Amino acid sequence: MKQYLVDAFTEKVFSGNPAAVCVLESWPEEQLMKNIALENNLSETAFVVKEPEGYHLRWFTPKDEINLCGHATLAAGFVVLNYYDAASGAESNTVEFNTMSGKLAVTKKGDLYEMDFPACELREIPVTDEMEKAFGTRPSKALLGMDLVCVFDDEKIIREMDPDIKAIEQLPGRLQSVTAKGQTADCVSRSFAPKCGISEDPVCGSAHCGLAPMWAEVLGKKEIVACQASKRGGTLYCAPAGNGRVRISGNAVLFAVSELME
């Protein structure tokens, strides 16, 4: 089994969000996929199989299978377009994946890879003492959809935050993101996912399914540049499409190719 290690949402290795991508001719046993993801110990390991109706994509954290992942989808698109479709002589710059979240497309546009994702609606909820305890500072606003989003007044708070991961795990939402208006980027954020076995996701594409539409509305912009302020860091270019979809783009770079042995 060949495995590609790709750094997503970055132009250089050792930054962005690393994802492992395995492209297979048929599906292995689910337990084997879980074991590989646990062995990789990355935020996500993606498995891709070409079926009669097209490519099928599944994502696994070190803990379990999940229903949506941005950076691993970008990494999978990068691998398929550059090392499979291109090698077979295909001229298309777009690959479509059948997933648990429906059909997701990745399109190569210059150096960027643009993903067409479902937007996530957020509703405002009360700020709680539990949020303040978890993040060490009281948010000015809290919103909840698939993920929890806590808004702060200064990006310095986001960058210097040393949260209590165990306390974050008790908060609502699949992921728990903190965000603020940025100075050089439109917004700055960090994303935590202890419920998925990940303390902090280096660059979370799926979190921006909610963050991007929110900040685009707040800032009155059709497109925004988002900075993920983790230690590795990454940049996302986001454009809410206004039809329940959001386009999220980023760079990707290949770090390694390996052969997995049973």
# chains A, B, ... in the order shown; residues from 1 in each chain; ligands from 1

$ select_by_dssp --residues "stretch 45-212 of chain A" --states "alpha helix (DSSP H)" --output "MDAnalysis selection string"
chainID A and resid 70:80 129:135 155:160 165:168 208:212

$ write_last_selection --atoms "N, CA and C atoms" --output "compact mmCIF listing (two decimals), in the first residue's frame"
# COMPACT_ATOMS: atom_id res chain seq x y z
N GLY A 70 -11.29 18.97 5.94
CA GLY A 70 -10.85 19.86 4.89
C GLY A 70 -9.44 19.59 4.41
N HIS A 71 -8.47 19.59 5.32
CA HIS A 71 -7.08 19.50 4.87
C HIS A 71 -6.77 18.14 4.24
N ALA A 72 -7.40 17.07 4.73
CA ALA A 72 -7.16 15.75 4.14
C ALA A 72 -7.84 15.63 2.78
N THR A 73 -8.94 16.36 2.56
CA THR A 73 -9.55 16.40 1.23
C THR A 73 -8.66 17.14 0.26
N LEU A 74 -8.11 18.27 0.70
CA LEU A 74 -7.16 19.01 -0.13
C LEU A 74 -5.96 18.12 -0.48
N ALA A 75 -5.43 17.41 0.53
CA ALA A 75 -4.28 16.53 0.31
C ALA A 75 -4.63 15.40 -0.66
N ALA A 76 -5.83 14.83 -0.51
CA ALA A 76 -6.26 13.75 -1.41
C ALA A 76 -6.40 14.26 -2.83
N GLY A 77 -6.98 15.46 -3.00
CA GLY A 77 -7.09 16.05 -4.33
C GLY A 77 -5.73 16.31 -4.94
N PHE A 78 -4.80 16.82 -4.14
CA PHE A 78 -3.43 17.07 -4.58
C PHE A 78 -2.79 15.78 -5.09
N VAL A 79 -2.95 14.69 -4.34
CA VAL A 79 -2.33 13.41 -4.72
C VAL A 79 -2.97 12.85 -5.99
N VAL A 80 -4.30 12.82 -6.04
CA VAL A 80 -4.98 12.24 -7.21
C VAL A 80 -4.68 13.03 -8.47
N ASP A 129 -19.40 30.27 31.81
CA ASP A 129 -18.21 30.21 32.66
C ASP A 129 -17.31 29.05 32.24
N GLU A 130 -17.91 27.98 31.74
CA GLU A 130 -17.14 26.82 31.29
C GLU A 130 -16.26 27.19 30.10
N MET A 131 -16.75 28.03 29.20
CA MET A 131 -15.94 28.50 28.08
C MET A 131 -14.75 29.32 28.58
N GLU A 132 -15.03 30.22 29.52
CA GLU A 132 -13.96 31.05 30.08
C GLU A 132 -12.89 30.19 30.76
N LYS A 133 -13.32 29.18 31.50
CA LYS A 133 -12.38 28.28 32.16
C LYS A 133 -11.54 27.53 31.14
N ALA A 134 -12.17 27.04 30.07
CA ALA A 134 -11.47 26.23 29.08
C ALA A 134 -10.42 27.04 28.32
N PHE A 135 -10.77 28.28 27.96
CA PHE A 135 -9.87 29.08 27.13
C PHE A 135 -9.01 30.06 27.92
N GLU A 155 -6.62 39.46 18.35
CA GLU A 155 -5.94 38.27 17.84
C GLU A 155 -4.78 37.84 18.74
N LYS A 156 -4.23 38.76 19.54
CA LYS A 156 -3.16 38.41 20.48
C LYS A 156 -3.64 37.37 21.47
N ILE A 157 -4.91 37.44 21.87
CA ILE A 157 -5.49 36.45 22.77
C ILE A 157 -5.45 35.07 22.13
N ILE A 158 -5.78 35.02 20.85
CA ILE A 158 -5.80 33.75 20.11
C ILE A 158 -4.39 33.17 20.05
N ARG A 159 -3.43 33.99 19.68
CA ARG A 159 -2.06 33.52 19.47
C ARG A 159 -1.40 33.08 20.77
N GLU A 160 -1.71 33.73 21.88
CA GLU A 160 -1.06 33.44 23.15
C GLU A 160 -1.85 32.49 24.03
N ILE A 165 -7.25 21.63 27.65
CA ILE A 165 -7.82 20.72 26.66
C ILE A 165 -8.89 19.82 27.27
N LYS A 166 -8.69 19.39 28.50
CA LYS A 166 -9.70 18.54 29.15
C LYS A 166 -11.00 19.31 29.36
N ALA A 167 -10.89 20.60 29.68
CA ALA A 167 -12.09 21.42 29.85
C ALA A 167 -12.75 21.69 28.50
N ILE A 168 -11.95 21.86 27.46
CA ILE A 168 -12.50 22.07 26.11
C ILE A 168 -13.32 20.87 25.67
N HIS A 208 -13.61 26.12 8.87
CA HIS A 208 -13.88 27.34 8.11
C HIS A 208 -15.16 27.25 7.27
N CYS A 209 -15.83 26.09 7.31
CA CYS A 209 -17.16 26.02 6.71
C CYS A 209 -18.13 26.90 7.49
N GLY A 210 -17.83 27.13 8.77
CA GLY A 210 -18.62 28.05 9.58
C GLY A 210 -17.93 29.38 9.78
N LEU A 211 -16.60 29.35 10.00
CA LEU A 211 -15.84 30.58 10.25
C LEU A 211 -15.86 31.52 9.04
N ALA A 212 -15.69 30.98 7.84
CA ALA A 212 -15.60 31.84 6.65
C ALA A 212 -16.89 32.61 6.38

$ residues_around --residues "A:Cys150" --least-positions-apart "2" --cutoff "12 Å" --atoms "only C-alpha atoms" --output "PyMOL selection string"
chain A and resi 122-128+130-132+134-135+137-145+147-148+152-153+157-158+168+171-173+175-180+188-192+210-211+214

$ closest_residue --among "A:Val21, A:Ile198, A:Val246, A:Val257" --to "A:Pro118" --atoms "only C-alpha atoms"
A:Val246

$ residues_around --residues "A:Ser230" --least-positions-apart "2" --cutoff "7 Å" --atoms "only C-alpha atoms" --output "ChimeraX atom specification"
/A:190,202,228,232-233

$ write_last_selection --atoms "C-alpha atoms" --output "PDB file, in the first residue's frame"
ATOM      1  CA  ARG A 190      -7.226  28.107  16.258  1.00  0.00           C
ATOM      2  CA  PRO A 202      -2.791  22.641  12.985  1.00  0.00           C
ATOM      3  CA  GLN A 228      -4.701  29.517  11.420  1.00  0.00           C
ATOM      4  CA  ARG A 232       2.736  25.092  12.352  1.00  0.00           C
ATOM      5  CA  GLY A 233       0.446  27.781  10.937  1.00  0.00           C
TER       6      GLY A 233
END

$ atom_distance --atom1 "atom CA of A:Asn17" --atom2 "atom CA of A:Asn98"
22.3 Å

$ atom_distance --atom1 "atom CA of A:Tyr4" --atom2 "atom CA of A:Ala119"
28.2 Å

$ select_by_dssp --residues "stretch 56-186 of chain A" --states "strand (DSSP E or B)" --output "JSON, numbers by chain"
{"A": [56, 57, 58, 59, 60, 65, 66, 94, 95, 96, 97, 98, 99, 102, 103, 104, 105, 106, 107, 108, 109, 112, 113, 114, 115, 116, 117, 118, 123, 124, 125, 141, 142, 143, 144, 148, 149, 150, 151, 176, 177, 178, 179, 180, 181]}

$ residues_around --residues "A:Asn243" --least-positions-apart "6" --cutoff "12 Å" --atoms "only C-alpha atoms" --output "number ranges by chain"
A: 116-121, 213

$ residues_around --residues "A:Asn40" --least-positions-apart "2" --cutoff "10 Å" --atoms "only C-alpha atoms" --output "PDB file with C-alpha atoms, in the first residue's frame"
ATOM      1  CA  LEU A   5       2.337  12.480   3.284  1.00  0.00           C
ATOM      2  CA  ALA A  19      -2.290  14.428   6.181  1.00  0.00           C
ATOM      3  CA  ALA A  20      -1.548  10.899   5.058  1.00  0.00           C
ATOM      4  CA  LYS A  34      -8.220   2.581  11.939  1.00  0.00           C
ATOM      5  CA  ASN A  35      -4.904   0.943  12.838  1.00  0.00           C
ATOM      6  CA  ILE A  36      -3.063   2.816  10.083  1.00  0.00           C
ATOM      7  CA  ALA A  37      -4.565   6.120  11.224  1.00  0.00           C
ATOM      8  CA  LEU A  38      -3.581   5.370  14.813  1.00  0.00           C
ATOM      9  CA  LEU A  42      -1.852  12.602  12.410  1.00  0.00           C
ATOM     10  CA  SER A  43      -5.030  14.660  12.565  1.00  0.00           C
ATOM     11  CA  GLU A  44      -6.354  12.633   9.629  1.00  0.00           C
ATOM     12  CA  THR A  45      -5.426   9.778   7.350  1.00  0.00           C
ATOM     13  CA  THR A  61      -8.500  10.389  12.976  1.00  0.00           C
ATOM     14  CA  PRO A  62      -6.334   8.378  15.414  1.00  0.00           C
TER      15      PRO A  62
END
